[in-house]
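What's in final.cif: mmCIF, C-alpha atoms
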data_query
loop_
_atom_site.label_atom_id
_atom_site.label_comp_id
_atom_site.auth_asym_id
_atom_site.auth_seq_id
_atom_site.Cartn_x
_atom_site.Cartn_y
_atom_site.Cartn_z
CA MET U 18 -37.32 4.08 47.90
CA THR U 19 -33.74 3.50 46.75
CA GLU U 20 -33.57 -0.27 46.88
CA ALA U 21 -34.69 -2.82 44.31
CA PRO U 22 -38.41 -3.51 44.26
CA GLN U 23 -39.41 -6.16 46.77
CA THR U 24 -41.14 -9.26 45.46
CA SER U 25 -42.58 -12.22 47.32
CA ALA U 26 -40.50 -14.65 45.29
CA VAL U 27 -37.11 -14.31 43.65
CA ALA U 28 -37.38 -14.21 39.87
CA THR U 29 -35.40 -17.12 38.49
CA ASP U 30 -36.47 -17.30 34.85
CA ALA U 31 -35.50 -14.89 32.07
CA ARG U 32 -38.92 -13.24 31.92
CA GLY U 33 -39.04 -12.70 35.65
CA ARG U 34 -35.51 -11.30 35.75
CA THR U 35 -36.27 -9.05 32.77
CA ALA U 36 -39.41 -7.74 34.47
CA GLU U 37 -37.39 -7.10 37.62
CA LEU U 38 -34.79 -5.15 35.61
CA HIS U 39 -37.51 -3.04 33.95
CA ALA U 40 -38.97 -2.24 37.38
CA ILE U 41 -35.56 -1.19 38.71
CA ARG U 42 -34.92 1.00 35.65
CA ALA U 43 -38.33 2.62 36.04
CA GLN U 44 -37.52 3.35 39.67
CA ALA U 45 -34.17 4.89 38.66
CA HIS U 46 -35.88 7.09 36.05
CA GLN U 47 -38.54 8.21 38.52
CA GLY U 48 -35.96 9.40 41.03
CA PRO U 49 -35.79 9.16 44.79
CA SER U 50 -39.39 10.19 45.53
CA GLU U 51 -42.30 12.27 44.35
CA ARG U 52 -41.74 14.51 47.36
CA ALA U 53 -38.16 15.24 46.25
CA THR U 54 -39.39 16.10 42.76
CA GLU U 55 -42.08 18.40 44.18
CA ALA U 56 -39.46 20.15 46.32
CA GLN U 57 -37.26 20.67 43.24
CA HIS U 58 -40.20 22.11 41.30
CA ALA U 59 -41.21 24.32 44.25
CA LYS U 60 -37.78 25.96 43.99
CA GLY U 61 -38.49 26.68 40.33
CA LYS U 62 -35.95 24.07 39.24
CA LEU U 63 -36.27 21.13 36.88
CA THR U 64 -35.00 17.63 37.56
CA ALA U 65 -31.88 16.38 35.79
CA ARG U 66 -33.92 14.33 33.33
CA GLU U 67 -36.25 17.24 32.62
CA ARG U 68 -33.26 19.50 31.84
CA ILE U 69 -31.72 16.86 29.57
CA GLY U 70 -35.10 16.43 27.86
CA LEU U 71 -35.24 20.14 27.05
CA LEU U 72 -31.67 20.18 25.72
CA LEU U 73 -31.66 17.13 23.47
CA ASP U 74 -33.69 16.27 20.42
CA GLU U 75 -36.77 14.29 21.43
CA GLY U 76 -36.12 10.58 21.86
CA SER U 77 -32.38 10.82 21.21
CA PHE U 78 -31.05 10.35 24.77
CA ASN U 79 -29.00 7.22 25.44
CA GLU U 80 -28.25 6.91 29.14
CA VAL U 81 -25.04 5.42 30.52
CA GLU U 82 -24.84 3.64 33.88
CA THR U 83 -28.41 4.27 35.00
CA LEU U 84 -28.11 1.68 37.76
CA ARG U 85 -24.76 2.84 39.18
CA ARG U 86 -24.74 3.21 42.97
CA HIS U 87 -22.11 4.34 45.44
CA ARG U 88 -20.25 1.83 47.59
CA ALA U 89 -19.47 4.14 50.50
CA SER U 90 -20.21 3.33 54.12
CA GLY U 91 -20.37 5.39 57.26
CA PHE U 92 -22.52 8.39 58.07
CA GLY U 93 -25.57 6.26 57.15
CA LEU U 94 -24.59 6.03 53.47
CA GLU U 95 -24.81 2.24 53.43
CA ALA U 96 -28.58 2.59 53.94
CA LYS U 97 -28.94 5.20 51.16
CA ARG U 98 -27.84 3.82 47.80
CA PRO U 99 -30.01 5.44 45.13
CA TYR U 100 -29.69 4.51 41.50
CA THR U 101 -27.76 7.00 39.30
CA ASP U 102 -25.85 8.18 42.40
CA GLY U 103 -27.07 11.71 41.75
CA VAL U 104 -25.93 12.26 38.17
CA VAL U 105 -27.57 11.35 34.86
CA THR U 106 -25.07 10.72 32.05
CA GLY U 107 -25.36 9.86 28.37
CA TRP U 108 -25.45 11.14 24.85
CA GLY U 109 -28.01 12.29 22.32
CA THR U 110 -28.40 14.89 19.63
CA VAL U 111 -28.99 18.63 19.48
CA HIS U 112 -30.35 19.65 16.07
CA GLY U 113 -29.09 16.29 14.81
CA ARG U 114 -25.52 16.69 16.11
CA THR U 115 -24.20 14.20 18.67
CA VAL U 116 -23.44 15.66 22.09
CA PHE U 117 -22.55 14.06 25.39
CA VAL U 118 -24.21 15.31 28.54
CA TYR U 119 -24.32 14.94 32.27
CA ALA U 120 -26.70 16.55 34.72
CA HIS U 121 -26.48 16.58 38.49
CA ASP U 122 -29.68 15.45 40.21
CA PHE U 123 -30.11 17.71 43.21
CA ARG U 124 -32.81 15.38 44.57
CA ILE U 125 -30.11 12.81 45.39
CA PHE U 126 -27.55 13.92 48.00
CA GLY U 127 -28.04 17.51 46.84
CA GLY U 128 -26.32 16.58 43.58
CA ALA U 129 -23.04 16.35 45.52
CA LEU U 130 -20.16 14.57 43.82
CA GLY U 131 -19.06 11.24 45.29
CA GLU U 132 -16.73 8.54 43.95
CA ALA U 133 -19.30 6.65 41.81
CA HIS U 134 -20.85 9.95 40.69
CA ALA U 135 -17.42 11.16 39.53
CA GLN U 136 -16.66 7.88 37.76
CA LYS U 137 -19.83 8.28 35.71
CA ILE U 138 -18.80 11.81 34.73
CA HIS U 139 -15.26 10.65 33.91
CA LYS U 140 -16.69 7.93 31.66
CA ILE U 141 -18.95 10.28 29.71
CA MET U 142 -16.15 12.84 29.40
CA ASP U 143 -13.82 10.14 28.05
CA MET U 144 -16.49 9.09 25.56
CA ALA U 145 -16.95 12.70 24.38
CA ILE U 146 -13.19 13.18 23.99
CA ALA U 147 -12.84 9.90 22.07
CA ALA U 148 -15.74 10.85 19.77
CA GLY U 149 -14.52 14.43 19.32
CA ALA U 150 -17.99 15.61 20.28
CA PRO U 151 -19.14 18.41 22.58
CA LEU U 152 -19.88 17.78 26.24
CA VAL U 153 -22.63 19.68 28.02
CA SER U 154 -22.58 19.79 31.80
CA LEU U 155 -25.80 20.76 33.55
CA ASN U 156 -24.64 21.61 37.05
CA ASP U 157 -26.98 21.65 40.02
CA GLY U 158 -24.90 20.23 42.83
CA ALA U 159 -23.72 21.02 46.32
CA GLY U 160 -20.02 20.37 45.71
CA ALA U 161 -18.21 17.32 47.04
CA ARG U 162 -20.00 14.64 49.04
CA ILE U 163 -18.02 15.24 52.19
CA GLN U 164 -19.11 11.91 53.73
CA GLU U 165 -16.95 10.16 51.12
CA GLY U 166 -13.89 12.23 51.97
CA VAL U 167 -10.81 12.18 49.77
CA SER U 168 -12.32 9.83 47.16
CA ALA U 169 -15.00 12.44 46.42
CA LEU U 170 -12.41 15.18 46.13
CA ALA U 171 -10.29 13.00 43.83
CA GLY U 172 -13.30 12.85 41.52
CA TYR U 173 -12.95 16.58 40.93
CA GLY U 174 -9.29 16.06 40.06
CA GLY U 175 -10.34 13.62 37.33
CA ILE U 176 -12.89 16.08 35.97
CA PHE U 177 -10.40 18.96 35.92
CA GLN U 178 -7.76 16.78 34.26
CA ARG U 179 -10.21 15.81 31.50
CA ASN U 180 -11.30 19.44 31.05
CA THR U 181 -7.66 20.35 30.45
CA ARG U 182 -7.14 17.47 28.02
CA ALA U 183 -10.27 18.41 26.08
#
Could I get this structure in the form of structure tokens?
Amino acid sequence: MTEAPQTSAVATDARGRTAELHAIRAQAHQGPSERATEAQHAKGKLTARERIGLLLDEGSFNEVETLRRHRASGFGLEAKRPYTDGVVTGWGTVHGRTVFVYAHDFRIFGGALGEAHAQKIHKIMDMAIAAGAPLVSLNDGAGARIQEGVSALAGYGGIFQRNTRA
């Protein structure tokens, strides 16, 4: 579900490794499970990627750090390391104008902010500030990922500091 696709043999050539990377990216884009997506839709909510797709001009989204995963341990987190870490980040265009965007993915840890999650947001915020472009935040999260403790809370400090700077 959240781990790299299992193969009977380790890919050692460029084509095999490239195919493996495409499979991992497809898994990251699909999300944690069809069941999680159905649950999101049953609540009348869209997934993070669906919301981004409605916001941005078609085909303009450029994702950043799709394969990012948390490095936390304890509370069973070491066994749950989904790609994106619960936030989709990137840039695209709205009516032809460049905007940066991030969207919490409630299907992963309830969209709660952890250390890696926050670092992705910090990165996209820094990119937006450097480009002088708008940032759109599509929030659908449960607050801080309490299992990660102070490092999750520090992530909010980084977000607030960047909001002030912007």
Q.
Here's the selection I'm unsure about, the PyMOL selection byres ((chain U and resi 112-124) around 6); applied to the file above, which residues does it give, as a ChimeraX atom specification?
A. /U:53,65,103-111,125,127-128,145,150-158
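Put simply, atom CA of Ile163 of chain U is 26.1 Å away from atom CA of Ala59 of chain U.
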Q: Take atom CA of Ile69 of chain U and atom CA of Tyr173 of chain U and report the distance between them in Å, one decimal.
A: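 According to the coordinates, atom CA of Ile69 of chain U and atom CA of Tyr173 of chain U are separated by 21.9 Å.
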**Q.** Chain and number of each residue from the PyMOL selection byres ((chain U and resi 100) around 7), as an MDAnalysis selection string
**A.** chainID U and resid 19 45 83:86 98:99 101:102
Those residues you just picked out, can you put them in a file as a JSON list (two decimals), in the frame of the given file with C-alpha atoms?
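In the end it all went to result.json:
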[["chain", "number", "residue", "atom", "x", "y", "z"],
["U", 19, "THR", "CA", -33.74, 3.50, 46.75],
["U", 45, "ALA", "CA", -34.17, 4.89, 38.66],
["U", 83, "THR", "CA", -28.41, 4.27, 35.00],
["U", 84, "LEU", "CA", -28.11, 1.68, 37.76],
["U", 85, "ARG", "CA", -24.76, 2.84, 39.18],
["U", 86, "ARG", "CA", -24.74, 3.21, 42.97],
["U", 98, "ARG", "CA", -27.84, 3.82, 47.80],
["U", 99, "PRO", "CA", -30.01, 5.44, 45.13],
["U", 101, "THR", "CA", -27.76, 7.00, 39.30],
["U", 102, "ASP", "CA", -25.85, 8.18, 42.40]]
Q | Shortest interatomic distance to His87 of chain U - which of U:Ala135, U:Leu170, U:Ala43, U:Ala56, counting all atoms listed in the file | A |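 Among the listed residues, the smallest separation from His87 of chain U belongs to U:Ala135.
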Q. Between atom CA of Gln44 of chain U and atom CA of Gln57 of chain U, what is the distance, to one decimal in Å?
A. 17.7 Å
Q: Compare U:Leu73, U:Val81, U:Pro49, U:Gly91 by their minimum atom-to-atom distance to Gly166 of chain U, counting all atoms listed in the file, and give me the closest one.
A: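 Closest candidate: U:Gly91.
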Q. Between U:Glu80, U:Thr29, U:Arg179, U:Gly61, which one has atoms that come closest to His46 of chain U, using only C-alpha atoms?
A.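 Of U:Glu80, U:Thr29, U:Arg179, U:Gly61, the one nearest His46 of chain U, counting only C-alpha atoms, is U:Glu80.
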Q) Skipping near chain neighbours, those fewer than 4 positions away, what residues fall within 12 Å of Thr181 of chain U using all atoms listed in the file, listed as a PyMOL selection string? A) chain U and resi 142+146+174-177
